[in-house]
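A.B. asks: Take a look at final.pdb, PDB, C-alpha atoms:
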ATOM      1  CA  MET A   1     -12.418 -75.347  35.539
ATOM      2  CA  ASN A   2     -10.289 -73.149  37.805
ATOM      3  CA  ILE A   3     -12.196 -69.916  38.280
ATOM      4  CA  PHE A   4      -9.272 -68.267  40.007
ATOM      5  CA  SER A   5      -6.987 -69.005  37.069
ATOM      6  CA  ILE A   6      -9.570 -67.356  34.807
ATOM      7  CA  ILE A   7      -9.617 -64.311  37.061
ATOM      8  CA  GLU A   8      -5.823 -64.130  37.005
ATOM      9  CA  GLU A   9      -5.841 -64.204  33.199
ATOM     10  CA  ILE A  10      -8.429 -61.409  33.059
ATOM     11  CA  GLU A  11      -6.360 -59.322  35.449
ATOM     12  CA  LYS A  12      -3.496 -59.382  32.940
ATOM     13  CA  ILE A  13      -5.542 -57.188  30.572
ATOM     14  CA  ASP A  14      -7.686 -55.417  33.170
ATOM     15  CA  PRO A  15      -5.718 -54.482  36.306
ATOM     16  CA  GLU A  16      -8.864 -53.028  37.896
ATOM     17  CA  PHE A  17     -10.805 -56.301  37.683
ATOM     18  CA  GLN A  18     -10.312 -57.043  41.378
ATOM     19  CA  ASP A  19     -11.946 -53.743  42.300
ATOM     20  CA  ARG A  20     -14.870 -54.454  39.975
ATOM     21  CA  ILE A  21     -15.760 -57.864  41.410
ATOM     22  CA  SER A  22     -15.105 -57.430  45.139
ATOM     23  CA  PRO A  23     -16.695 -58.883  47.235
ATOM     24  CA  ARG A  24     -18.033 -61.471  44.771
ATOM     25  CA  ARG A  25     -14.676 -63.252  44.575
ATOM     26  CA  ALA A  26     -14.978 -64.219  48.222
ATOM     27  CA  ALA A  27     -18.493 -65.498  47.608
ATOM     28  CA  ILE A  28     -17.300 -67.734  44.767
ATOM     29  CA  ARG A  29     -14.446 -69.015  46.941
ATOM     30  CA  ASN A  30     -17.059 -70.048  49.510
ATOM     31  CA  ILE A  31     -19.122 -71.810  46.845
ATOM     32  CA  THR A  32     -16.195 -74.019  45.872
ATOM     33  CA  SER A  33     -15.936 -75.350  49.416
ATOM     34  CA  PHE A  34     -19.457 -76.864  49.302
ATOM     35  CA  GLY A  35     -18.477 -79.883  47.268
ATOM     36  CA  SER A  36     -17.755 -80.462  43.588
ATOM     37  CA  LYS A  37     -21.333 -81.112  42.362
ATOM     38  CA  VAL A  38     -22.820 -78.132  44.175
ATOM     39  CA  ALA A  39     -19.910 -75.950  43.133
ATOM     40  CA  MET A  40     -20.188 -76.878  39.459
ATOM     41  CA  ALA A  41     -23.950 -76.266  39.501
ATOM     42  CA  ALA A  42     -23.529 -72.882  41.130
ATOM     43  CA  LEU A  43     -20.619 -71.619  39.051
ATOM     44  CA  PRO A  44     -22.612 -70.490  35.985
ATOM     45  CA  PHE A  45     -24.794 -68.299  38.190
ATOM     46  CA  ALA A  46     -21.831 -67.060  40.179
ATOM     47  CA  LEU A  47     -19.901 -66.235  37.019
ATOM     48  CA  GLY A  48     -22.900 -64.464  35.558
ATOM     49  CA  SER A  49     -23.218 -62.324  38.664
ATOM     50  CA  LEU A  50     -19.492 -61.646  38.740
ATOM     51  CA  PHE A  51     -19.236 -60.455  35.144
ATOM     52  CA  GLU A  52     -22.470 -58.485  35.350
ATOM     53  CA  LYS A  53     -20.959 -56.684  38.317
ATOM     54  CA  ALA A  54     -17.637 -56.174  36.553
ATOM     55  CA  TYR A  55     -18.801 -55.150  33.108
ATOM     56  CA  GLY A  56     -22.587 -55.190  33.046
ATOM     57  CA  GLN A  57     -24.514 -52.394  31.304
ATOM     58  CA  THR A  58     -28.210 -52.568  30.643
ATOM     59  CA  THR A  59     -28.398 -51.034  27.182
ATOM     60  CA  VAL A  60     -24.968 -51.143  25.577
ATOM     61  CA  GLY A  61     -23.051 -54.265  26.463
ATOM     62  CA  ASP A  62     -21.413 -55.506  23.266
ATOM     63  CA  VAL A  63     -18.916 -54.109  20.802
ATOM     64  CA  ASN A  64     -21.492 -53.284  18.115
ATOM     65  CA  GLY A  65     -23.787 -51.669  20.667
ATOM     66  CA  THR A  66     -20.958 -49.626  22.116
ATOM     67  CA  LEU A  67     -19.700 -48.516  18.695
ATOM     68  CA  ASN A  68     -23.199 -47.559  17.560
ATOM     69  CA  PHE A  69     -23.560 -45.504  20.723
ATOM     70  CA  ALA A  70     -20.303 -43.751  19.821
ATOM     71  CA  LEU A  71     -21.501 -43.331  16.228
ATOM     72  CA  LYS A  72     -24.682 -41.596  17.376
ATOM     73  CA  LEU A  73     -22.610 -39.118  19.388
ATOM     74  CA  GLU A  74     -20.264 -38.559  16.448
ATOM     75  CA  TYR A  75     -23.230 -38.011  14.111
ATOM     76  CA  LEU A  76     -24.441 -35.336  16.514
ATOM     77  CA  GLU A  77     -21.072 -33.600  16.789
ATOM     78  CA  ALA A  78     -20.347 -33.758  13.057
ATOM     79  CA  ALA A  79     -23.757 -32.295  12.229
ATOM     80  CA  PHE A  80     -23.252 -29.598  14.859
ATOM     81  CA  TYR A  81     -19.954 -28.401  13.396
ATOM     82  CA  ASN A  82     -21.118 -28.833   9.795
ATOM     83  CA  THR A  83     -24.076 -26.581  10.623
ATOM     84  CA  ALA A  84     -21.815 -24.071  12.350
ATOM     85  CA  ILE A  85     -19.287 -23.656   9.541
ATOM     86  CA  ASN A  86     -22.129 -23.301   7.040
ATOM     87  CA  THR A  87     -23.913 -20.644   9.113
ATOM     88  CA  SER A  88     -22.694 -17.363   7.702
ATOM     89  CA  GLY A  89     -21.755 -14.795  10.323
ATOM     90  CA  LEU A  90     -21.592 -17.202  13.266
ATOM     91  CA  ILE A  91     -17.871 -18.035  13.488
ATOM     92  CA  PRO A  92     -15.372 -15.142  13.241
ATOM     93  CA  ALA A  93     -12.889 -15.416  10.396
ATOM     94  CA  ALA A  94      -9.990 -15.821  12.845
ATOM     95  CA  ASP A  95     -11.530 -18.998  14.293
ATOM     96  CA  LEU A  96     -13.102 -20.492  11.174
ATOM     97  CA  ALA A  97     -10.105 -22.638  10.175
ATOM     98  CA  ALA A  98     -10.030 -24.253  13.614
ATOM     99  CA  PHE A  99     -13.691 -25.243  13.438
ATOM    100  CA  GLN A 100     -13.296 -26.489   9.881
ATOM    101  CA  THR A 101     -10.555 -28.766  11.208
ATOM    102  CA  ILE A 102     -12.707 -29.937  14.124
ATOM    103  CA  ALA A 103     -15.589 -30.610  11.717
ATOM    104  CA  ALA A 104     -13.246 -32.646   9.504
ATOM    105  CA  HIS A 105     -12.159 -34.679  12.546
ATOM    106  CA  GLU A 106     -15.758 -35.436  13.546
ATOM    107  CA  ASN A 107     -16.703 -36.404   9.991
ATOM    108  CA  ALA A 108     -13.666 -38.696   9.892
ATOM    109  CA  HIS A 109     -14.793 -40.296  13.153
ATOM    110  CA  VAL A 110     -18.234 -40.920  11.628
ATOM    111  CA  ALA A 111     -16.708 -42.467   8.499
ATOM    112  CA  PHE A 112     -14.424 -44.679  10.582
ATOM    113  CA  LEU A 113     -17.165 -45.980  12.880
ATOM    114  CA  LYS A 114     -19.484 -46.648   9.935
ATOM    115  CA  SER A 115     -16.682 -48.560   8.212
ATOM    116  CA  VAL A 116     -16.017 -50.685  11.309
ATOM    117  CA  LEU A 117     -19.708 -51.392  11.878
ATOM    118  CA  SER A 118     -20.496 -51.923   8.179
ATOM    119  CA  THR A 119     -24.085 -53.141   7.805
ATOM    120  CA  ASN A 120     -24.549 -52.981  11.592
ATOM    121  CA  ALA A 121     -24.145 -49.191  11.618
ATOM    122  CA  VAL A 122     -27.188 -47.213  12.705
ATOM    123  CA  ALA A 123     -28.310 -44.796   9.964
ATOM    124  CA  GLN A 124     -28.087 -41.071  10.636
ATOM    125  CA  THR A 125     -31.601 -40.685   9.264
ATOM    126  CA  THR A 126     -32.830 -42.474  12.406
ATOM    127  CA  GLN A 127     -31.532 -39.579  14.501
ATOM    128  CA  GLY A 128     -33.424 -36.359  15.128
ATOM    129  CA  THR A 129     -35.966 -35.749  12.379
ATOM    130  CA  ASN A 130     -34.556 -37.652   9.411
ATOM    131  CA  GLY A 131     -31.059 -36.728  10.547
ATOM    132  CA  THR A 132     -31.849 -33.100  11.403
ATOM    133  CA  TYR A 133     -31.223 -32.171  15.044
ATOM    134  CA  ASP A 134     -32.874 -29.692  17.380
ATOM    135  CA  TRP A 135     -29.954 -27.489  18.417
ATOM    136  CA  THR A 136     -32.097 -25.780  21.067
ATOM    137  CA  ALA A 137     -32.499 -29.129  22.894
ATOM    138  CA  GLY A 138     -36.260 -28.877  22.985
ATOM    139  CA  GLY A 139     -36.213 -25.158  23.677
ATOM    140  CA  THR A 140     -33.961 -25.345  26.722
ATOM    141  CA  LEU A 141     -31.193 -23.495  24.855
ATOM    142  CA  PRO A 142     -31.430 -20.261  22.880
ATOM    143  CA  ASN A 143     -31.454 -20.520  19.082
ATOM    144  CA  TYR A 144     -27.784 -19.557  18.822
ATOM    145  CA  PHE A 145     -27.494 -20.519  15.167
ATOM    146  CA  ALA A 146     -30.334 -18.202  14.168
ATOM    147  CA  THR A 147     -29.103 -15.296  16.291
ATOM    148  CA  LYS A 148     -25.406 -15.891  15.451
ATOM    149  CA  ASP A 149     -24.692 -16.091  19.192
ATOM    150  CA  TYR A 150     -21.067 -17.200  19.050
ATOM    151  CA  ALA A 151     -20.510 -17.244  22.830
ATOM    152  CA  THR A 152     -23.390 -19.678  23.402
ATOM    153  CA  PHE A 153     -22.308 -21.784  20.443
ATOM    154  CA  LEU A 154     -18.868 -22.141  22.056
ATOM    155  CA  ILE A 155     -20.358 -23.189  25.395
ATOM    156  CA  VAL A 156     -22.525 -25.857  23.745
ATOM    157  CA  ALA A 157     -19.531 -27.015  21.674
ATOM    158  CA  ASN A 158     -17.512 -27.330  24.872
ATOM    159  CA  ALA A 159     -20.271 -29.345  26.512
ATOM    160  CA  PHE A 160     -20.511 -31.691  23.522
ATOM    161  CA  GLU A 161     -16.758 -32.298  23.517
ATOM    162  CA  ASP A 162     -16.482 -32.777  27.282
ATOM    163  CA  THR A 163     -19.449 -35.155  27.241
ATOM    164  CA  GLY A 164     -17.908 -37.109  24.373
ATOM    165  CA  VAL A 165     -14.649 -37.503  26.269
ATOM    166  CA  ARG A 166     -16.450 -38.759  29.357
ATOM    167  CA  ALA A 167     -18.670 -41.073  27.289
ATOM    168  CA  TYR A 168     -15.723 -42.732  25.518
ATOM    169  CA  LYS A 169     -14.079 -43.237  28.896
ATOM    170  CA  GLY A 170     -17.257 -44.815  30.250
ATOM    171  CA  GLN A 171     -17.515 -47.270  27.349
ATOM    172  CA  ALA A 172     -13.901 -48.483  27.416
ATOM    173  CA  PRO A 173     -14.622 -51.526  29.674
ATOM    174  CA  PHE A 174     -17.132 -52.871  27.142
ATOM    175  CA  ILE A 175     -14.644 -53.049  24.275
ATOM    176  CA  ILE A 176     -11.595 -54.057  26.308
ATOM    177  CA  GLY A 177     -11.689 -57.535  24.759
ATOM    178  CA  ASN A 178     -11.224 -56.095  21.264
ATOM    179  CA  GLN A 179      -7.804 -54.454  21.278
ATOM    180  CA  VAL A 180      -8.113 -53.027  17.742
ATOM    181  CA  VAL A 181     -11.398 -51.282  18.486
ATOM    182  CA  LEU A 182     -10.245 -50.227  21.961
ATOM    183  CA  THR A 183      -7.115 -48.624  20.521
ATOM    184  CA  ALA A 184      -9.120 -46.723  17.907
ATOM    185  CA  ALA A 185     -11.654 -45.566  20.503
ATOM    186  CA  LEU A 186      -8.888 -44.266  22.764
ATOM    187  CA  GLN A 187      -7.380 -42.409  19.820
ATOM    188  CA  ILE A 188     -10.732 -40.712  19.185
ATOM    189  CA  HIS A 189     -11.079 -40.027  22.923
ATOM    190  CA  SER A 190      -7.822 -38.053  23.039
ATOM    191  CA  VAL A 191      -8.751 -35.997  19.968
ATOM    192  CA  GLU A 192     -12.095 -35.063  21.530
ATOM    193  CA  ALA A 193     -10.191 -33.907  24.623
ATOM    194  CA  ARG A 194      -7.959 -31.711  22.461
ATOM    195  CA  HIS A 195     -11.051 -30.236  20.797
ATOM    196  CA  ALA A 196     -12.453 -29.367  24.210
ATOM    197  CA  SER A 197      -9.216 -27.726  25.292
ATOM    198  CA  HIS A 198      -8.910 -25.710  22.086
ATOM    199  CA  ILE A 199     -12.488 -24.463  22.365
ATOM    200  CA  ARG A 200     -11.723 -23.381  25.927
ATOM    201  CA  THR A 201      -8.744 -21.439  24.600
ATOM    202  CA  ILE A 202     -11.022 -19.615  22.154
ATOM    203  CA  ARG A 203     -13.521 -18.889  24.915
ATOM    204  CA  ARG A 204     -10.744 -17.613  27.189
ATOM    205  CA  LYS A 205      -9.579 -15.279  24.429
ATOM    206  CA  LEU A 206     -13.079 -13.811  24.246
ATOM    207  CA  SER A 207     -13.611 -13.507  28.007
ATOM    208  CA  SER A 208     -13.262 -10.167  29.763
ATOM    209  CA  SER A 209     -10.929 -11.605  32.400
ATOM    210  CA  GLY A 210      -8.695 -13.446  29.986
ATOM    211  CA  THR A 211      -8.173 -16.165  32.618
ATOM    212  CA  THR A 212     -11.325 -18.277  32.338
ATOM    213  CA  PRO A 213     -12.332 -20.801  31.347
ATOM    214  CA  LYS A 214      -9.379 -23.003  32.186
ATOM    215  CA  SER A 215      -8.187 -25.604  29.684
ATOM    216  CA  TRP A 216      -9.712 -28.408  31.772
ATOM    217  CA  ILE A 217     -12.960 -29.131  33.589
ATOM    218  CA  THR A 218     -13.374 -27.516  36.986
ATOM    219  CA  GLY A 219     -16.171 -28.881  39.167
ATOM    220  CA  ALA A 220     -19.744 -29.847  38.444
ATOM    221  CA  ASN A 221     -20.836 -26.639  36.690
ATOM    222  CA  ASP A 222     -17.743 -25.923  34.682
ATOM    223  CA  THR A 223     -19.244 -23.494  32.165
ATOM    224  CA  GLY A 224     -21.497 -21.626  34.599
ATOM    225  CA  PHE A 225     -24.241 -21.975  31.985
ATOM    226  CA  ALA A 226     -27.385 -23.636  33.326
ATOM    227  CA  GLY A 227     -28.364 -25.068  29.953
ATOM    228  CA  VAL A 228     -25.432 -27.510  29.974
ATOM    229  CA  ALA A 229     -24.835 -27.874  33.726
ATOM    230  CA  ALA A 230     -26.081 -31.485  33.687
ATOM    231  CA  ASN A 231     -23.236 -32.437  31.336
ATOM    232  CA  TYR A 232     -20.771 -31.840  34.165
ATOM    233  CA  ALA A 233     -22.594 -33.714  36.920
ATOM    234  CA  GLY A 234     -20.157 -35.814  38.946
ATOM    235  CA  GLU A 235     -17.104 -33.729  38.090
ATOM    236  CA  ASP A 236     -16.965 -32.566  41.712
ATOM    237  CA  ASN A 237     -16.084 -36.106  42.831
ATOM    238  CA  THR A 238     -13.224 -36.278  45.338
ATOM    239  CA  MET A 239     -13.180 -40.069  45.768
ATOM    240  CA  GLN A 240     -10.900 -42.090  43.476
ATOM    241  CA  GLY A 241     -10.299 -45.830  43.786
ATOM    242  CA  GLY A 242     -11.759 -45.804  47.281
ATOM    243  CA  VAL A 243      -9.381 -43.029  48.375
ATOM    244  CA  ASP A 244     -10.758 -39.811  49.845
ATOM    245  CA  LEU A 245      -8.555 -37.313  48.045
ATOM    246  CA  THR A 246      -9.378 -34.562  50.529
ATOM    247  CA  THR A 247      -7.274 -36.423  53.127
ATOM    248  CA  LEU A 248      -4.144 -36.225  51.001
ATOM    249  CA  THR A 249      -1.414 -33.633  51.414
ATOM    250  CA  ASN A 250       0.865 -32.058  48.858
ATOM    251  CA  PRO A 251       4.308 -33.672  49.344
ATOM    252  CA  THR A 252       5.971 -30.389  48.374
ATOM    253  CA  THR A 253       4.052 -27.949  50.579
ATOM    254  CA  GLY A 254       2.602 -30.266  53.216
ATOM    255  CA  ALA A 255      -0.787 -28.567  52.779
ATOM    256  CA  LYS A 256      -4.065 -30.285  51.918
ATOM    257  CA  PHE A 257      -5.053 -30.112  48.272
ATOM    258  CA  THR A 258      -7.914 -27.759  47.411
ATOM    259  CA  THR A 259     -11.180 -29.272  46.200
ATOM    260  CA  THR A 260     -10.714 -27.402  42.939
ATOM    261  CA  ALA A 261      -7.295 -28.962  42.366
ATOM    262  CA  LEU A 262      -8.589 -32.433  43.221
ATOM    263  CA  THR A 263     -11.577 -32.294  40.875
ATOM    264  CA  GLU A 264      -9.436 -30.897  38.066
ATOM    265  CA  ALA A 265      -6.863 -33.666  38.463
ATOM    266  CA  PHE A 266      -9.342 -36.461  37.689
ATOM    267  CA  ASP A 267     -11.842 -36.715  34.853
ATOM    268  CA  GLU A 268     -15.039 -38.675  35.463
ATOM    269  CA  PRO A 269     -16.535 -41.228  33.021
ATOM    270  CA  LEU A 270     -20.181 -41.249  31.983
ATOM    271  CA  THR A 271     -22.270 -44.367  31.388
ATOM    272  CA  TYR A 272     -24.723 -44.819  28.533
ATOM    273  CA  ALA A 273     -27.592 -44.243  30.968
ATOM    274  CA  GLN A 274     -26.042 -40.949  32.081
ATOM    275  CA  VAL A 275     -25.265 -39.679  28.575
ATOM    276  CA  LEU A 276     -28.591 -40.520  26.945
ATOM    277  CA  PRO A 277     -30.717 -37.870  28.710
ATOM    278  CA  LEU A 278     -28.060 -35.268  27.871
ATOM    279  CA  VAL A 279     -28.274 -35.856  24.128
ATOM    280  CA  THR A 280     -31.863 -37.054  23.668
ATOM    281  CA  PRO A 281     -33.256 -33.479  23.653
ATOM    282  CA  PHE A 282     -31.128 -32.763  20.585
ATOM    283  CA  GLY A 283     -32.580 -35.804  18.802
ATOM    284  CA  VAL A 284     -30.191 -38.653  19.603
ATOM    285  CA  LYS A 285     -32.156 -41.909  19.868
TER
END
Please express the file's structure as structure tokens.

C.D. replies:
Amino acid sequence: MNIFSIIEEIEKIDPEFQDRISPRRAAIRNITSFGSKVAMAALPFALGSLFEKAYGQTTVGDVNGTLNFALKLEYLEAAFYNTAINTSGLIPAADLAAFQTIAAHENAHVAFLKSVLSTNAVAQTTQGTNGTYDWTAGGTLPNYFATKDYATFLIVANAFEDTGVRAYKGQAPFIIGNQVVLTAALQIHSVEARHASHIRTIRRKLSSSGTTPKSWITGANDTGFAGVAANYAGEDNTMQGGVDLTTLTNPTTGAKFTTTALTEAFDEPLTYAQVLPLVTPFGVK
């Protein structure tokens, strides 16, 4: 077995593998210098440590687990929009067609994931109370469906979409070995991002300034609404790939980039462990 040949093969499909495993590669190189018997005995443990470091995740670590995680989020979003378009007086007539389209997208995502998972798909009845969600997130949000509070509905919709985008990004490494599923997940990921941007456009149209919100996430409290602030945690990150972005200068102007520009230029992934407490209050299990 040539561990370094294996690593080189992995790097062909995952260019960031070196960053994931450093400094474990050096440790394995040292192991191989101890002698063949010791090296062969140690390799299983070394490999286990290496791949746990590179791709390990405590709760969702296989394709079915990752897809069921995505399915739970899609169940939530589909139910959210289905509830919205069936709540008379909530969505203005001018915006109804857009949300009917978004609802159709989310329902299509649910159908697709259930088809891929087949008998392994988690049932929606296991979520919330027999499939019915608490849209107030345990009372932390106002009952915007009951009061027909369209502005709050839009903010929560934005948070759901932005969280979905970040969650799909965070799960990509765990399905990288299945190119068909990875491709489909990335296709869903981009649609969720378009949903988020379109909802921001609607919110901007309703705002008094007409300039906010922007069409992309800005910082760690993008909406300014405390009820969903946790969904944007980490979006103020200015470190990417070990590079401190605040040290960079604009090649056109020669000036340092603003923190706002830097955080807007990079979107941050969310792990399963980070997403779960954001959606559990609604009933995701």

A.B. asks: Can you write out as a Markdown table which residues of segment 100-182 of chain A fall within 7 Å of segment 65-83 of chain A, alongside each residue's closest atom pair and its distance in Å to one decimal, counting only C-alpha atoms and ordering rows by chain and ascending residue number?

C.D. replies:
| residue | atom | partner | partner_atom | distance |
| --- | --- | --- | --- | --- |
| A:Ala103 | CA | A:Tyr81 | CA | 5.2 |
| A:Glu106 | CA | A:Ala78 | CA | 4.9 |
| A:Asn107 | CA | A:Ala78 | CA | 5.4 |
| A:His109 | CA | A:Glu74 | CA | 6.6 |
| A:Val110 | CA | A:Glu74 | CA | 5.7 |
| A:Leu113 | CA | A:Leu71 | CA | 6.1 |
| A:Ala121 | CA | A:Asn68 | CA | 6.2 |
| A:Val122 | CA | A:Asn68 | CA | 6.3 |
| A:Gln124 | CA | A:Tyr75 | CA | 6.7 |
| A:Gln171 | CA | A:Thr66 | CA | 6.7 |

A.B. asks: May I ask for the distance between atom CA of Ile91 of chain A and atom CA of Phe145 of chain A, given in Å to one decimal place?

C.D. replies: 10.1 Å

A.B. asks: In Å to one decimal, how far is atom CA of Glu268 of chain A from atom CA of Ile175 of chain A?

C.D. replies: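 Interatomic distance, atom CA of Ile175 of chain A to atom CA of Glu268 of chain A: 18.2 Å.
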
A.B. asks: Any chance you could work out the axis-aligned box around segment 202-216 of chain A, listed atoms only, 4 Å on each side, giving centre and edge lengths in Å to one decimal, as JSON?

C.D. replies:
{"center_x": -10.9, "center_y": -19.3, "center_z": 27.4, "size_x": 13.4, "size_y": 26.2, "size_z": 18.5}

A.B. asks: Enter the distance from atom CA of Val63 of chain A to atom CA of Phe174 of chain A, in Å, rounded to one decimal.

C.D. replies: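 Taking atom CA of Val63 of chain A as the start and atom CA of Phe174 of chain A as the end point, the length is 6.7 Å.
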
A.B. asks: Could you check the closest approach to Ala98 of chain A for each of A:Ala273, A:Leu141, A:Ala167, A:Ala84 and tell me which residue wins, using all atoms listed in the file?

C.D. replies: A:Ala84

A.B. asks: Once the PyMOL selection byres ((chain A and resi 156-165) around 7) has been applied to the shown file, what residues remain in the selection, as a list in words?

C.D. replies: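 Residues picked by the PyMOL selection byres ((chain A and resi 156-165) around 7): Thr152, Phe153, Leu154, Ile155, Arg166, Ala167, Tyr168, Lys169, His189, Glu192, Ala193, His195, Ala196, Ile199, Val228 and Asn231 of chain A.
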
A.B. asks: Could you please give me, as a PyMOL selection string, the residues of protein, DNA or RNA lying at most 12 Å from (-12.0, -18.1, 13.2) in the coordinate frame of the file, considering only C-alpha atoms?

C.D. replies: chain A and resi 84-85+89-102+150+154+199+202-203+205-206

A.B. asks: Using only C-alpha atoms, pick whichever of A:Gly210, A:Gly224, A:Gly177, A:Gly138 has the shortest atom-to-atom distance to Asp62 of chain A.

C.D. replies: A:Gly177

A.B. asks: For the structure shown, which residues end up in the PyMOL selection byres ((chain A and resi 267) around 8)? Put them as JSON, numbers by chain, please?

C.D. replies: {"A": [166, 217, 235, 263, 264, 265, 266, 268, 269]}

A.B. asks: Tell me which protein, DNA and RNA residues are within 8 Å of Thr246 of chain A, counting all atoms listed in the file, leaving out same-chain ones fewer than 6 positions away, and put them as a PyMOL selection string.

C.D. replies: chain A and resi 238+256-259+262

A.B. asks: Apply the PyMOL selection byres ((chain A and resi 230) around 10) to the displayed file and report the matching residues as a list in words.

C.D. replies: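 On this input, the PyMOL selection byres ((chain A and resi 230) around 10) captures Ala159, Thr163, Ala220, Asn221, Phe225, Ala226, Gly227, Val228, Ala229, Asn231, Tyr232, Ala233, Gly234, Gln274, Val275, Pro277 and Leu278 of chain A.
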
A.B. asks: When you count only C-alpha atoms, which of these residues is closest to Gln187 of chain A: A:Gly131, A:Ala172, A:Thr126, A:Asp149?

C.D. replies: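 Result for the nearest residue to Gln187 of chain A: A:Ala172.
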
A.B. asks: Could you add whatever atoms are missing so that segment 224-236 of chain A carries N, CA, C and O atoms, then write the result as a PDB file, keeping the file's coordinate frame?

C.D. replies:
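Contents of the output file part06.pdb:
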ATOM      1  N   GLY A 224     -20.672 -22.645  33.959  1.00  0.00           N
ATOM      2  CA  GLY A 224     -21.497 -21.626  34.599  1.00  0.00           C
ATOM      3  C   GLY A 224     -22.778 -21.344  33.842  1.00  0.00           C
ATOM      4  O   GLY A 224     -23.521 -20.415  34.177  1.00  0.00           O
ATOM      5  N   PHE A 225     -23.060 -22.155  32.833  1.00  0.00           N
ATOM      6  CA  PHE A 225     -24.241 -21.975  31.985  1.00  0.00           C
ATOM      7  C   PHE A 225     -25.249 -23.063  32.324  1.00  0.00           C
ATOM      8  O   PHE A 225     -24.977 -24.248  32.128  1.00  0.00           O
ATOM      9  N   ALA A 226     -26.407 -22.666  32.820  1.00  0.00           N
ATOM     10  CA  ALA A 226     -27.385 -23.636  33.326  1.00  0.00           C
ATOM     11  C   ALA A 226     -27.831 -24.630  32.264  1.00  0.00           C
ATOM     12  O   ALA A 226     -28.115 -25.791  32.571  1.00  0.00           O
ATOM     13  N   GLY A 227     -27.869 -24.204  31.018  1.00  0.00           N
ATOM     14  CA  GLY A 227     -28.364 -25.068  29.953  1.00  0.00           C
ATOM     15  C   GLY A 227     -27.553 -26.324  29.736  1.00  0.00           C
ATOM     16  O   GLY A 227     -28.061 -27.308  29.189  1.00  0.00           O
ATOM     17  N   VAL A 228     -26.277 -26.320  30.148  1.00  0.00           N
ATOM     18  CA  VAL A 228     -25.432 -27.510  29.974  1.00  0.00           C
ATOM     19  C   VAL A 228     -24.852 -27.988  31.298  1.00  0.00           C
ATOM     20  O   VAL A 228     -23.934 -28.816  31.309  1.00  0.00           O
ATOM     21  N   ALA A 229     -25.373 -27.503  32.413  1.00  0.00           N
ATOM     22  CA  ALA A 229     -24.835 -27.874  33.726  1.00  0.00           C
ATOM     23  C   ALA A 229     -24.878 -29.378  33.954  1.00  0.00           C
ATOM     24  O   ALA A 229     -23.960 -29.956  34.560  1.00  0.00           O
ATOM     25  N   ALA A 230     -25.934 -30.042  33.462  1.00  0.00           N
ATOM     26  CA  ALA A 230     -26.081 -31.485  33.687  1.00  0.00           C
ATOM     27  C   ALA A 230     -24.951 -32.280  33.043  1.00  0.00           C
ATOM     28  O   ALA A 230     -24.638 -33.391  33.484  1.00  0.00           O
ATOM     29  N   ASN A 231     -24.331 -31.729  32.012  1.00  0.00           N
ATOM     30  CA  ASN A 231     -23.236 -32.437  31.336  1.00  0.00           C
ATOM     31  C   ASN A 231     -22.007 -32.588  32.222  1.00  0.00           C
ATOM     32  O   ASN A 231     -21.118 -33.392  31.927  1.00  0.00           O
ATOM     33  N   TYR A 232     -21.948 -31.812  33.291  1.00  0.00           N
ATOM     34  CA  TYR A 232     -20.771 -31.840  34.165  1.00  0.00           C
ATOM     35  C   TYR A 232     -21.072 -32.461  35.529  1.00  0.00           C
ATOM     36  O   TYR A 232     -20.233 -32.408  36.431  1.00  0.00           O
ATOM     37  N   ALA A 233     -22.240 -33.057  35.663  1.00  0.00           N
ATOM     38  CA  ALA A 233     -22.594 -33.714  36.920  1.00  0.00           C
ATOM     39  C   ALA A 233     -21.558 -34.787  37.255  1.00  0.00           C
ATOM     40  O   ALA A 233     -21.134 -35.556  36.393  1.00  0.00           O
ATOM     41  N   GLY A 234     -21.127 -34.825  38.504  1.00  0.00           N
ATOM     42  CA  GLY A 234     -20.157 -35.814  38.946  1.00  0.00           C
ATOM     43  C   GLY A 234     -18.723 -35.352  38.876  1.00  0.00           C
ATOM     44  O   GLY A 234     -17.830 -35.998  39.427  1.00  0.00           O
ATOM     45  N   GLU A 235     -18.476 -34.211  38.214  1.00  0.00           N
ATOM     46  CA  GLU A 235     -17.104 -33.729  38.090  1.00  0.00           C
ATOM     47  C   GLU A 235     -16.580 -33.081  39.374  1.00  0.00           C
ATOM     48  O   GLU A 235     -15.450 -32.626  39.420  1.00  0.00           O
ATOM     49  N   ASP A 236     -17.421 -33.053  40.408  1.00  0.00           N
ATOM     50  CA  ASP A 236     -16.965 -32.566  41.712  1.00  0.00           C
ATOM     51  C   ASP A 236     -16.558 -33.720  42.621  1.00  0.00           C
ATOM     52  O   ASP A 236     -16.334 -33.543  43.819  1.00  0.00           O
TER      53      ASP A 236
END
